[in-house]
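Colleague: Structure file work32.cif (mmCIF, C-alpha atoms and all ligand atoms) right here:
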data_start
#
loop_
_atom_site.group_PDB
_atom_site.id
_atom_site.type_symbol
_atom_site.label_atom_id
_atom_site.label_comp_id
_atom_site.auth_asym_id
_atom_site.auth_seq_id
_atom_site.Cartn_x
_atom_site.Cartn_y
_atom_site.Cartn_z
ATOM 1 C CA MET A 1 1.382 -10.651 -13.957
ATOM 2 C CA SER A 2 -0.614 -8.158 -15.976
ATOM 3 C CA ASP A 3 0.386 -5.119 -17.941
ATOM 4 C CA ILE A 4 -2.118 -2.327 -18.405
ATOM 5 C CA LYS A 5 -2.722 -0.972 -21.894
ATOM 6 C CA LEU A 6 -4.559 2.257 -22.597
ATOM 7 C CA VAL A 7 -5.530 2.503 -26.243
ATOM 8 C CA GLY A 8 -6.879 5.626 -27.913
ATOM 9 C CA LEU A 9 -8.530 6.933 -24.756
ATOM 10 C CA ARG A 10 -10.754 9.957 -25.190
ATOM 11 C CA LYS A 11 -12.565 11.925 -22.549
ATOM 12 C CA ALA A 12 -14.288 15.275 -22.870
ATOM 13 C CA PHE A 13 -16.223 17.343 -20.376
ATOM 14 C CA GLY A 14 -18.669 19.343 -22.444
ATOM 15 C CA LYS A 15 -16.579 21.061 -25.095
ATOM 16 C CA GLN A 16 -13.324 20.560 -23.228
ATOM 17 C CA GLU A 17 -11.431 17.612 -24.695
ATOM 18 C CA VAL A 18 -9.174 16.446 -21.897
ATOM 19 C CA LEU A 19 -7.876 13.141 -23.292
ATOM 20 C CA ARG A 20 -7.554 13.100 -27.070
ATOM 21 C CA GLY A 21 -6.545 9.597 -28.044
ATOM 22 C CA LEU A 22 -4.118 8.639 -25.341
ATOM 23 C CA ASP A 23 -1.991 5.507 -25.769
ATOM 24 C CA LEU A 24 0.100 4.142 -22.921
ATOM 25 C CA GLU A 25 1.485 0.848 -21.687
ATOM 26 C CA ILE A 26 2.032 0.404 -17.985
ATOM 27 C CA PRO A 27 4.463 -2.501 -17.672
ATOM 28 C CA PHE A 28 4.055 -5.177 -15.006
ATOM 29 C CA GLY A 29 6.355 -5.088 -11.983
ATOM 30 C CA LYS A 30 7.705 -1.599 -12.573
ATOM 31 C CA ILE A 31 7.163 1.995 -11.519
ATOM 32 C CA THR A 32 5.654 4.108 -14.269
ATOM 33 C CA VAL A 33 5.495 7.835 -13.595
ATOM 34 C CA ILE A 34 3.134 10.123 -15.510
ATOM 35 C CA ILE A 35 4.192 13.748 -15.670
ATOM 36 C CA GLY A 36 2.525 16.747 -17.185
ATOM 37 C CA ARG A 37 1.196 20.166 -16.369
ATOM 38 C CA SER A 38 -1.629 20.907 -14.036
ATOM 39 C CA GLY A 39 -4.960 20.317 -15.762
ATOM 40 C CA THR A 40 -3.655 17.961 -18.486
ATOM 41 C CA GLY A 41 -5.847 15.099 -17.301
ATOM 42 C CA LYS A 42 -3.546 13.044 -15.083
ATOM 43 C CA SER A 43 -6.145 12.581 -12.363
ATOM 44 C CA VAL A 44 -8.840 11.975 -14.980
ATOM 45 C CA LEU A 45 -6.670 9.150 -16.296
ATOM 46 C CA LEU A 46 -6.343 7.586 -12.823
ATOM 47 C CA LYS A 47 -10.089 7.867 -12.253
ATOM 48 C CA GLN A 48 -10.752 6.010 -15.502
ATOM 49 C CA LEU A 49 -8.428 3.209 -14.441
ATOM 50 C CA MET A 50 -10.356 2.903 -11.185
ATOM 51 C CA GLY A 51 -13.671 3.027 -13.035
ATOM 52 C CA LEU A 52 -14.712 6.241 -11.284
ATOM 53 C CA LEU A 53 -15.016 7.891 -14.716
ATOM 54 C CA ARG A 54 -15.735 6.109 -18.002
ATOM 55 C CA PRO A 55 -13.896 7.060 -21.198
ATOM 56 C CA ASP A 56 -15.918 8.374 -24.153
ATOM 57 C CA SER A 57 -13.999 6.008 -26.427
ATOM 58 C CA GLY A 58 -10.852 3.911 -26.500
ATOM 59 C CA SER A 59 -9.992 0.924 -24.334
ATOM 60 C CA ILE A 60 -8.429 0.022 -21.021
ATOM 61 C CA ILE A 61 -6.981 -3.474 -21.135
ATOM 62 C CA ILE A 62 -5.596 -5.317 -18.112
ATOM 63 C CA GLY A 63 -3.709 -8.445 -19.121
ATOM 64 C CA ASP A 64 -6.028 -9.963 -21.719
ATOM 65 C CA THR A 65 -9.213 -8.388 -20.431
ATOM 66 C CA ASP A 66 -10.824 -5.272 -21.836
ATOM 67 C CA ILE A 67 -12.346 -3.617 -18.774
ATOM 68 C CA THR A 68 -13.548 -0.465 -20.514
ATOM 69 C CA ARG A 69 -17.211 -1.276 -20.702
ATOM 70 C CA LEU A 70 -17.703 -3.708 -17.846
ATOM 71 C CA PRO A 71 -20.940 -3.235 -15.959
ATOM 72 C CA GLU A 72 -20.529 -1.631 -12.544
ATOM 73 C CA ARG A 73 -20.859 -4.897 -10.616
ATOM 74 C CA GLU A 74 -18.083 -6.536 -12.645
ATOM 75 C CA PHE A 75 -15.952 -3.450 -12.342
ATOM 76 C CA GLN A 76 -16.015 -3.795 -8.577
ATOM 77 C CA LYS A 77 -13.848 -6.910 -8.941
ATOM 78 C CA VAL A 78 -11.383 -4.981 -11.067
ATOM 79 C CA ARG A 79 -11.291 -2.202 -8.508
ATOM 80 C CA ASN A 80 -10.273 -4.741 -5.886
ATOM 81 C CA ARG A 81 -7.045 -5.264 -7.801
ATOM 82 C CA PHE A 82 -6.099 -1.603 -7.302
ATOM 83 C CA GLY A 83 -4.802 0.254 -4.271
ATOM 84 C CA MET A 84 -4.848 4.023 -4.251
ATOM 85 C CA VAL A 85 -2.747 6.481 -2.286
ATOM 86 C CA PHE A 86 -4.599 9.779 -2.327
ATOM 87 C CA GLN A 87 -3.028 13.185 -2.684
ATOM 88 C CA ASN A 88 -3.807 14.240 0.901
ATOM 89 C CA ALA A 89 -3.450 10.750 2.472
ATOM 90 C CA ALA A 90 -7.207 10.878 3.266
ATOM 91 C CA LEU A 91 -6.967 9.185 6.670
ATOM 92 C CA PHE A 92 -9.957 8.968 8.981
ATOM 93 C CA ASP A 93 -9.150 11.496 11.715
ATOM 94 C CA SER A 94 -11.254 9.749 14.306
ATOM 95 C CA MET A 95 -9.457 6.415 13.920
ATOM 96 C CA THR A 96 -6.036 5.303 15.126
ATOM 97 C CA VAL A 97 -3.348 4.290 12.651
ATOM 98 C CA TYR A 98 -4.243 0.668 13.370
ATOM 99 C CA ASP A 99 -7.911 1.165 12.558
ATOM 100 C CA ASN A 100 -7.129 3.230 9.465
ATOM 101 C CA VAL A 101 -4.943 0.483 8.017
ATOM 102 C CA ALA A 102 -7.361 -2.273 9.109
ATOM 103 C CA PHE A 103 -10.317 -0.460 7.545
ATOM 104 C CA PRO A 104 -10.250 -2.074 4.063
ATOM 105 C CA LEU A 105 -10.027 -5.532 5.637
ATOM 106 C CA ARG A 106 -13.002 -4.838 7.881
ATOM 107 C CA GLU A 107 -14.964 -3.486 4.912
ATOM 108 C CA HIS A 108 -14.176 -6.222 2.427
ATOM 109 C CA THR A 109 -13.240 -9.396 4.326
ATOM 110 C CA ARG A 110 -14.455 -11.466 7.232
ATOM 111 C CA LEU A 111 -11.048 -11.979 8.787
ATOM 112 C CA ARG A 112 -10.767 -12.355 12.534
ATOM 113 C CA GLU A 113 -9.156 -9.649 14.608
ATOM 114 C CA LYS A 114 -6.044 -11.750 15.184
ATOM 115 C CA GLU A 115 -5.487 -12.122 11.426
ATOM 116 C CA ILE A 116 -6.257 -8.468 10.835
ATOM 117 C CA ARG A 117 -3.679 -7.496 13.432
ATOM 118 C CA GLU A 118 -0.990 -9.608 11.773
ATOM 119 C CA LEU A 119 -1.676 -8.091 8.359
ATOM 120 C CA VAL A 120 -1.752 -4.550 9.728
ATOM 121 C CA LEU A 121 1.563 -5.098 11.493
ATOM 122 C CA ALA A 122 3.121 -6.485 8.319
ATOM 123 C CA SER A 123 1.838 -3.590 6.252
ATOM 124 C CA LEU A 124 3.042 -1.005 8.771
ATOM 125 C CA ALA A 125 6.425 -2.745 8.852
ATOM 126 C CA THR A 126 6.723 -2.278 5.082
ATOM 127 C CA VAL A 127 6.466 1.484 5.572
ATOM 128 C CA GLY A 128 8.525 1.517 8.789
ATOM 129 C CA LEU A 129 5.716 2.691 11.035
ATOM 130 C CA THR A 130 4.986 -0.136 13.479
ATOM 131 C CA ASP A 131 5.749 2.194 16.393
ATOM 132 C CA ALA A 132 2.936 4.547 15.424
ATOM 133 C CA ILE A 133 0.235 1.882 15.459
ATOM 134 C CA ASP A 134 -1.746 3.390 18.349
ATOM 135 C CA LYS A 135 -1.362 7.024 17.352
ATOM 136 C CA ASP A 136 -4.121 9.259 16.007
ATOM 137 C CA PRO A 137 -3.597 10.925 12.603
ATOM 138 C CA HIS A 138 -3.265 14.398 14.175
ATOM 139 C CA GLN A 139 -0.178 13.163 16.035
ATOM 140 C CA LEU A 140 1.608 12.337 12.757
ATOM 141 C CA SER A 141 3.701 14.441 10.406
ATOM 142 C CA GLY A 142 2.645 14.827 6.764
ATOM 143 C CA GLY A 143 5.147 12.216 5.646
ATOM 144 C CA MET A 144 4.023 9.735 8.291
ATOM 145 C CA LYS A 145 0.425 10.205 7.154
ATOM 146 C CA LYS A 146 1.481 9.390 3.603
ATOM 147 C CA ARG A 147 3.138 6.237 4.874
ATOM 148 C CA VAL A 148 -0.036 5.208 6.684
ATOM 149 C CA GLY A 149 -1.875 5.862 3.399
ATOM 150 C CA VAL A 150 0.541 3.518 1.622
ATOM 151 C CA ALA A 151 0.175 0.861 4.349
ATOM 152 C CA ARG A 152 -3.615 1.069 3.987
ATOM 153 C CA ALA A 153 -3.419 0.875 0.186
ATOM 154 C CA LEU A 154 -1.181 -2.206 0.448
ATOM 155 C CA ILE A 155 -3.194 -4.087 3.027
ATOM 156 C CA ARG A 156 -5.257 -6.069 0.528
ATOM 157 C CA LYS A 157 -2.192 -6.877 -1.575
ATOM 158 C CA PRO A 158 -3.217 -4.998 -4.711
ATOM 159 C CA GLU A 159 -1.676 -5.786 -8.077
ATOM 160 C CA PHE A 160 -1.642 -2.127 -8.995
ATOM 161 C CA LEU A 161 -0.759 0.690 -6.651
ATOM 162 C CA LEU A 162 -1.708 4.171 -7.824
ATOM 163 C CA TYR A 163 -0.276 7.315 -6.278
ATOM 164 C CA ASP A 164 -1.746 10.706 -7.147
ATOM 165 C CA GLU A 165 0.925 13.330 -6.510
ATOM 166 C CA PRO A 166 2.241 11.631 -3.407
ATOM 167 C CA THR A 167 4.736 14.312 -2.438
ATOM 168 C CA THR A 168 2.885 17.546 -3.116
ATOM 169 C CA GLY A 169 3.057 19.745 -0.034
ATOM 170 C CA LEU A 170 5.932 17.922 1.643
ATOM 171 C CA ASP A 171 9.326 19.414 2.425
ATOM 172 C CA PRO A 172 12.309 18.224 0.327
ATOM 173 C CA ILE A 173 13.523 15.750 2.921
ATOM 174 C CA MET A 174 10.069 14.261 3.446
ATOM 175 C CA THR A 175 9.703 14.168 -0.337
ATOM 176 C CA ALA A 176 12.884 12.130 -0.663
ATOM 177 C CA HIS A 177 11.603 9.880 2.086
ATOM 178 C CA VAL A 178 8.279 9.227 0.343
ATOM 179 C CA ASP A 179 10.075 8.639 -2.972
ATOM 180 C CA GLU A 180 12.227 6.055 -1.302
ATOM 181 C CA LEU A 181 9.107 4.512 0.192
ATOM 182 C CA ILE A 182 7.534 4.178 -3.270
ATOM 183 C CA ARG A 183 10.701 2.529 -4.575
ATOM 184 C CA HIS A 184 11.031 0.303 -1.491
ATOM 185 C CA THR A 185 7.371 -0.726 -1.641
ATOM 186 C CA GLN A 186 7.732 -1.658 -5.300
ATOM 187 C CA ASP A 187 10.960 -3.568 -4.718
ATOM 188 C CA THR A 188 9.624 -5.535 -1.737
ATOM 189 C CA SER A 189 6.148 -6.360 -3.019
ATOM 190 C CA PRO A 190 6.306 -9.246 -5.506
ATOM 191 C CA GLY A 191 3.731 -8.932 -8.257
ATOM 192 C CA LEU A 192 3.143 -5.222 -7.685
ATOM 193 C CA THR A 193 2.942 -2.635 -10.452
ATOM 194 C CA SER A 194 3.088 1.034 -9.434
ATOM 195 C CA LEU A 195 1.722 4.056 -11.252
ATOM 196 C CA VAL A 196 2.678 7.465 -9.925
ATOM 197 C CA ILE A 197 1.360 10.858 -10.974
ATOM 198 C CA SER A 198 3.908 13.556 -10.323
ATOM 199 C CA HIS A 199 4.798 17.183 -10.919
ATOM 200 C CA ASP A 200 8.176 16.700 -9.386
ATOM 201 C CA MET A 201 10.855 16.114 -12.024
ATOM 202 C CA GLU A 202 13.656 15.320 -9.629
ATOM 203 C CA ALA A 203 11.601 12.692 -7.825
ATOM 204 C CA THR A 204 10.433 11.273 -11.130
ATOM 205 C CA LEU A 205 13.957 10.844 -12.430
ATOM 206 C CA ARG A 206 14.955 9.215 -9.137
ATOM 207 C CA ILE A 207 12.227 6.573 -8.829
ATOM 208 C CA ALA A 208 10.787 5.845 -12.276
ATOM 209 C CA ASP A 209 11.470 2.794 -14.390
ATOM 210 C CA LYS A 210 9.370 4.373 -17.102
ATOM 211 C CA ILE A 211 8.276 7.979 -17.592
ATOM 212 C CA ALA A 212 5.371 9.108 -19.755
ATOM 213 C CA MET A 213 4.691 12.751 -20.443
ATOM 214 C CA LEU A 214 1.119 13.901 -21.014
ATOM 215 C CA PHE A 215 0.585 16.946 -23.215
ATOM 216 C CA GLU A 216 -2.579 18.164 -24.897
ATOM 217 C CA GLY A 217 -4.441 14.976 -24.161
ATOM 218 C CA ARG A 218 -1.855 12.492 -25.410
ATOM 219 C CA VAL A 219 1.344 10.812 -24.310
ATOM 220 C CA ILE A 220 3.950 12.726 -26.279
ATOM 221 C CA PHE A 221 7.026 11.072 -24.825
ATOM 222 C CA GLU A 222 7.851 7.753 -23.154
ATOM 223 C CA GLY A 223 11.165 6.477 -21.937
ATOM 224 C CA THR A 224 13.532 5.755 -19.079
ATOM 225 C CA PRO A 225 14.922 8.499 -16.830
ATOM 226 C CA ASP A 226 18.069 8.469 -18.985
ATOM 227 C CA ASP A 227 15.955 8.943 -22.115
ATOM 228 C CA VAL A 228 14.313 11.954 -20.466
ATOM 229 C CA ARG A 229 17.655 13.422 -19.400
ATOM 230 C CA SER A 230 19.077 13.149 -22.896
ATOM 231 C CA THR A 231 16.076 13.954 -25.101
ATOM 232 C CA ASP A 232 15.881 17.149 -27.089
ATOM 233 C CA HIS A 233 12.092 16.892 -27.411
ATOM 234 C CA PRO A 234 11.137 20.564 -26.927
ATOM 235 C CA VAL A 235 8.085 19.935 -24.711
ATOM 236 C CA VAL A 236 9.947 17.544 -22.432
ATOM 237 C CA ARG A 237 12.978 19.849 -22.206
ATOM 238 C CA GLN A 238 10.830 22.825 -21.290
ATOM 239 C CA PHE A 239 9.022 20.839 -18.603
ATOM 240 C CA VAL A 240 12.182 19.296 -17.174
ATOM 241 C CA GLU A 241 13.971 22.618 -17.049
ATOM 242 C CA GLY A 242 10.919 24.539 -15.844
ATOM 243 C CA ARG A 243 11.296 27.242 -18.503
ATOM 244 C CA LEU A 244 8.590 29.746 -19.407
ATOM 245 C CA GLU A 245 9.577 29.907 -23.087
ATOM 246 C CA GLY A 246 8.706 26.977 -25.330
ATOM 247 C CA PRO A 247 5.835 25.001 -26.789
ATOM 248 C CA ILE A 248 4.005 24.755 -23.448
ATOM 249 C CA LYS A 249 2.026 27.974 -23.082
ATOM 250 C CA VAL A 250 1.360 29.289 -19.603
HETATM 251 N N1 LIG A 301 -15.671 15.546 -13.325
HETATM 252 C C1 LIG A 301 -15.265 16.563 -14.096
HETATM 253 N N2 LIG A 301 -16.143 17.388 -14.696
HETATM 254 C C2 LIG A 301 -15.733 18.388 -15.502
HETATM 255 N N3 LIG A 301 -14.436 18.673 -15.740
HETATM 256 C C3 LIG A 301 -13.516 17.910 -15.165
HETATM 257 C C4 LIG A 301 -13.874 16.816 -14.296
HETATM 258 N N4 LIG A 301 -12.734 16.228 -13.865
HETATM 259 C C5 LIG A 301 -11.726 16.925 -14.432
HETATM 260 N N5 LIG A 301 -12.182 17.931 -15.195
HETATM 261 C C6 LIG A 301 -11.343 18.838 -15.985
HETATM 262 O O1 LIG A 301 -10.413 18.075 -16.720
HETATM 263 C C7 LIG A 301 -9.135 18.731 -16.764
HETATM 264 C C8 LIG A 301 -8.074 17.794 -16.271
HETATM 265 O O2 LIG A 301 -8.246 17.591 -14.879
HETATM 266 P P1 LIG A 301 -7.284 16.684 -14.002
HETATM 267 O O3 LIG A 301 -7.791 16.750 -12.612
HETATM 268 O O4 LIG A 301 -7.170 15.344 -14.610
HETATM 269 O O5 LIG A 301 -5.903 17.454 -14.134
HETATM 270 P P2 LIG A 301 -4.476 17.029 -13.564
HETATM 271 O O6 LIG A 301 -3.583 16.781 -14.722
HETATM 272 O O7 LIG A 301 -4.653 15.927 -12.568
HETATM 273 O O8 LIG A 301 -4.024 18.378 -12.851
HETATM 274 P P3 LIG A 301 -3.241 18.596 -11.463
HETATM 275 O O9 LIG A 301 -1.814 18.349 -11.798
HETATM 276 O O10 LIG A 301 -3.493 20.026 -11.146
HETATM 277 O O11 LIG A 301 -3.805 17.630 -10.438
HETATM 278 C C9 LIG A 301 -9.295 19.992 -15.940
HETATM 279 O O12 LIG A 301 -9.493 21.069 -16.802
HETATM 280 C C10 LIG A 301 -10.529 19.729 -15.100
HETATM 281 O O13 LIG A 301 -11.199 20.936 -14.825
HETATM 282 MG MG MG A 302 -4.455 15.805 -10.474
#
Could I get this file's structure written as structure tokens?
Modeller:
Amino acid sequence: MSDIKLVGLRKAFGKQEVLRGLDLEIPFGKITVIIGRSGTGKSVLLKQLMGLLRPDSGSIIIGDTDITRLPEREFQKVRNRFGMVFQNAALFDSMTVYDNVAFPLREHTRLREKEIRELVLASLATVGLTDAIDKDPHQLSGGMKKRVGVARALIRKPEFLLYDEPTTGLDPIMTAHVDELIRHTQDTSPGLTSLVISHDMEATLRIADKIAMLFEGRVIFEGTPDDVRSTDHPVVRQFVEGRLEGPIKV
């Protein structure tokens, strides 16, 4: 039942200041979508949550625990609370759907095959893919691969499910399908909190409970989809409408 709080996060690479004092609350049990232009630090933010990158300053707080400066061994436990759906699904080509989804259980638990099978079936059922259990990744469409990626991310019942641009490269119908999957997964997984990185405004407005816009290293706008639709914040308007003229320079 934990919220995530990011407080004053800063991260620079050499002279390039990517995050410049970013504040954001990611509420428990909801879908938060982070939008913003390419290169604004959305993936850097996700990597810091997963402990793959450490912030220069600021804090990441989960529930009551400040995880920002945990030693690596402790951080491993935190990482176990997260599931990640990668941009390109990142399935193992040489493994069947079954083995792909079972992989995290085989890596991190000592469950017997019978128990693994039950969990894999349940996870595949959540994404509507039980029929594809014996297929190889090359036999799947892009959208099906994404669904396998979600099933694999869900298999260890994470508290936080992170999606990095889940629909990039999919056709509009497949995009709608994956959006619905994100919503369905959230609505049918008690105790789950989802964080989605997206470029896609339409999808964002359709699935988000909360939207945060990243600009020049900070969150410059937060609100519901209705707040985004009705705001006259110039940066948000330009982004939503996809205009060339405005405060965002190309
Ligand atoms: N490990 C790194 N070393 C140096 N620079 C980095 C590193 N990771 C990210 N950057 C830089 O930080 C900036 C933000 O990168 P990031 O990948 O977070 O962008 P993004 O918002 O996810 O963009 P996109 O929407 O294109 O995925 C970029 O300029 C990138 O080059
Ligand atoms: Mg990115």
Colleague: Figure out the distance between CA of Glu165 (chain A) and CA of Val240 (chain A), please, to one decimal in Å.
Modeller: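 These atoms are spaced 16.6 Å apart.
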Colleague: What residues come out when you apply the PyMOL selection byres (((not hetatm)) within 10 of (chain A and resi 301)) to this file, written as a PDB file with C-alpha atoms, in the coordinates of the input?
Modeller:
ATOM      1  CA  LYS A  11     -12.565  11.925 -22.549  1.00  0.00           C
ATOM      2  CA  ALA A  12     -14.288  15.275 -22.870  1.00  0.00           C
ATOM      3  CA  PHE A  13     -16.223  17.343 -20.376  1.00  0.00           C
ATOM      4  CA  GLY A  14     -18.669  19.343 -22.444  1.00  0.00           C
ATOM      5  CA  LYS A  15     -16.579  21.061 -25.095  1.00  0.00           C
ATOM      6  CA  GLN A  16     -13.324  20.560 -23.228  1.00  0.00           C
ATOM      7  CA  GLU A  17     -11.431  17.612 -24.695  1.00  0.00           C
ATOM      8  CA  VAL A  18      -9.174  16.446 -21.897  1.00  0.00           C
ATOM      9  CA  LEU A  19      -7.876  13.141 -23.292  1.00  0.00           C
ATOM     10  CA  ILE A  34       3.134  10.123 -15.510  1.00  0.00           C
ATOM     11  CA  ILE A  35       4.192  13.748 -15.670  1.00  0.00           C
ATOM     12  CA  GLY A  36       2.525  16.747 -17.185  1.00  0.00           C
ATOM     13  CA  ARG A  37       1.196  20.166 -16.369  1.00  0.00           C
ATOM     14  CA  SER A  38      -1.629  20.907 -14.036  1.00  0.00           C
ATOM     15  CA  GLY A  39      -4.960  20.317 -15.762  1.00  0.00           C
ATOM     16  CA  THR A  40      -3.655  17.961 -18.486  1.00  0.00           C
ATOM     17  CA  GLY A  41      -5.847  15.099 -17.301  1.00  0.00           C
ATOM     18  CA  LYS A  42      -3.546  13.044 -15.083  1.00  0.00           C
ATOM     19  CA  SER A  43      -6.145  12.581 -12.363  1.00  0.00           C
ATOM     20  CA  VAL A  44      -8.840  11.975 -14.980  1.00  0.00           C
ATOM     21  CA  LEU A  45      -6.670   9.150 -16.296  1.00  0.00           C
ATOM     22  CA  LEU A  46      -6.343   7.586 -12.823  1.00  0.00           C
ATOM     23  CA  LYS A  47     -10.089   7.867 -12.253  1.00  0.00           C
ATOM     24  CA  LEU A  52     -14.712   6.241 -11.284  1.00  0.00           C
ATOM     25  CA  LEU A  53     -15.016   7.891 -14.716  1.00  0.00           C
ATOM     26  CA  GLN A  87      -3.028  13.185  -2.684  1.00  0.00           C
ATOM     27  CA  ASP A 164      -1.746  10.706  -7.147  1.00  0.00           C
ATOM     28  CA  GLU A 165       0.925  13.330  -6.510  1.00  0.00           C
ATOM     29  CA  THR A 168       2.885  17.546  -3.116  1.00  0.00           C
ATOM     30  CA  ILE A 197       1.360  10.858 -10.974  1.00  0.00           C
ATOM     31  CA  SER A 198       3.908  13.556 -10.323  1.00  0.00           C
ATOM     32  CA  HIS A 199       4.798  17.183 -10.919  1.00  0.00           C
ATOM     33  CA  LEU A 214       1.119  13.901 -21.014  1.00  0.00           C
ATOM     34  CA  PHE A 215       0.585  16.946 -23.215  1.00  0.00           C
ATOM     35  CA  GLY A 217      -4.441  14.976 -24.161  1.00  0.00           C
TER      36      GLY A 217
END
Colleague: Pick the closest to Glu159 (chain A) from A:Gln186, A:Thr231, A:Thr96, A:Gln139: which is it, counting only C-alpha atoms?
Modeller: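 With only C-alpha atoms as the atom set, the closest residue is A:Gln186.
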Colleague: I'd like the contact shell of region 170-185 of chain A - 7 Å cut-off, only C-alpha atoms, skipping same-chain residues fewer than 5 positions apart - returned as a ChimeraX atom specification.
Modeller: /A:126-127,142-143,203,207
Colleague: Exactly which residues make up the result of the PyMOL selection byres (((chain A and resi 234-238) around 10) and not hetatm) on this file, given as a list in words?
Modeller: Ile35, Gly36, Ala212, Met213, Leu214, Phe215, Ile220, Phe221, Val228, Arg229, Ser230, Thr231, Asp232, His233, Phe239, Val240, Glu241, Gly242, Arg243, Leu244, Glu245, Gly246, Pro247 and Ile248 of chain A
Colleague: What's the separation between CA of Thr130 (chain A) and CA of Leu105 (chain A), in Å to one decimal place?
Modeller: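 Going from CA of Thr130 (chain A) over to CA of Leu105 (chain A) covers 17.8 Å.
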Colleague: Rank A:Phe86, A:Lys157, A:Thr224, A:Ala102 by their smallest atom-to-atom distance to ligand MG 302 (chain A), using only C-alpha atoms and all ligand atoms, and report the top residue only.
Modeller: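 The closest residue to ligand MG 302 (chain A) is A:Phe86.
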Colleague: Given the PyMOL selection byres (((chain A and resi 58) around 6) and not hetatm) and the file above, list the residues it selects as a PyMOL selection string.
Modeller: chain A and resi 7-9+57+59
Colleague: Expressed in Å to a single decimal, how great is the separation between CA of Leu119 (chain A) and CA of Ile155 (chain A)?
Modeller: 6.8 Å
Colleague: Looking at A:Leu121, A:Leu91, A:Leu161, A:Met1, which one is nearest to Lys146 (chain A), with distances taken over all atoms listed in the file?
Modeller: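 Ranking A:Leu121, A:Leu91, A:Leu161, A:Met1 by distance to Lys146 (chain A), first place goes to A:Leu91.
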Colleague: Counting only C-alpha atoms and all ligand atoms, which residue out of A:Pro166, A:Gly63, A:Gly83, A:Gly149 sits closest to ligand MG 302 (chain A)?
Modeller: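 When distances to ligand MG 302 (chain A) are compared using only C-alpha atoms and all ligand atoms, the smallest one comes from A:Pro166.
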Colleague: Taking only C-alpha atoms and all ligand atoms into account, name the residue in A:Ala122, A:Val196, A:Ile60, A:Ile211 that is nearest to ligand MG 302 (chain A).
Modeller: A:Val196
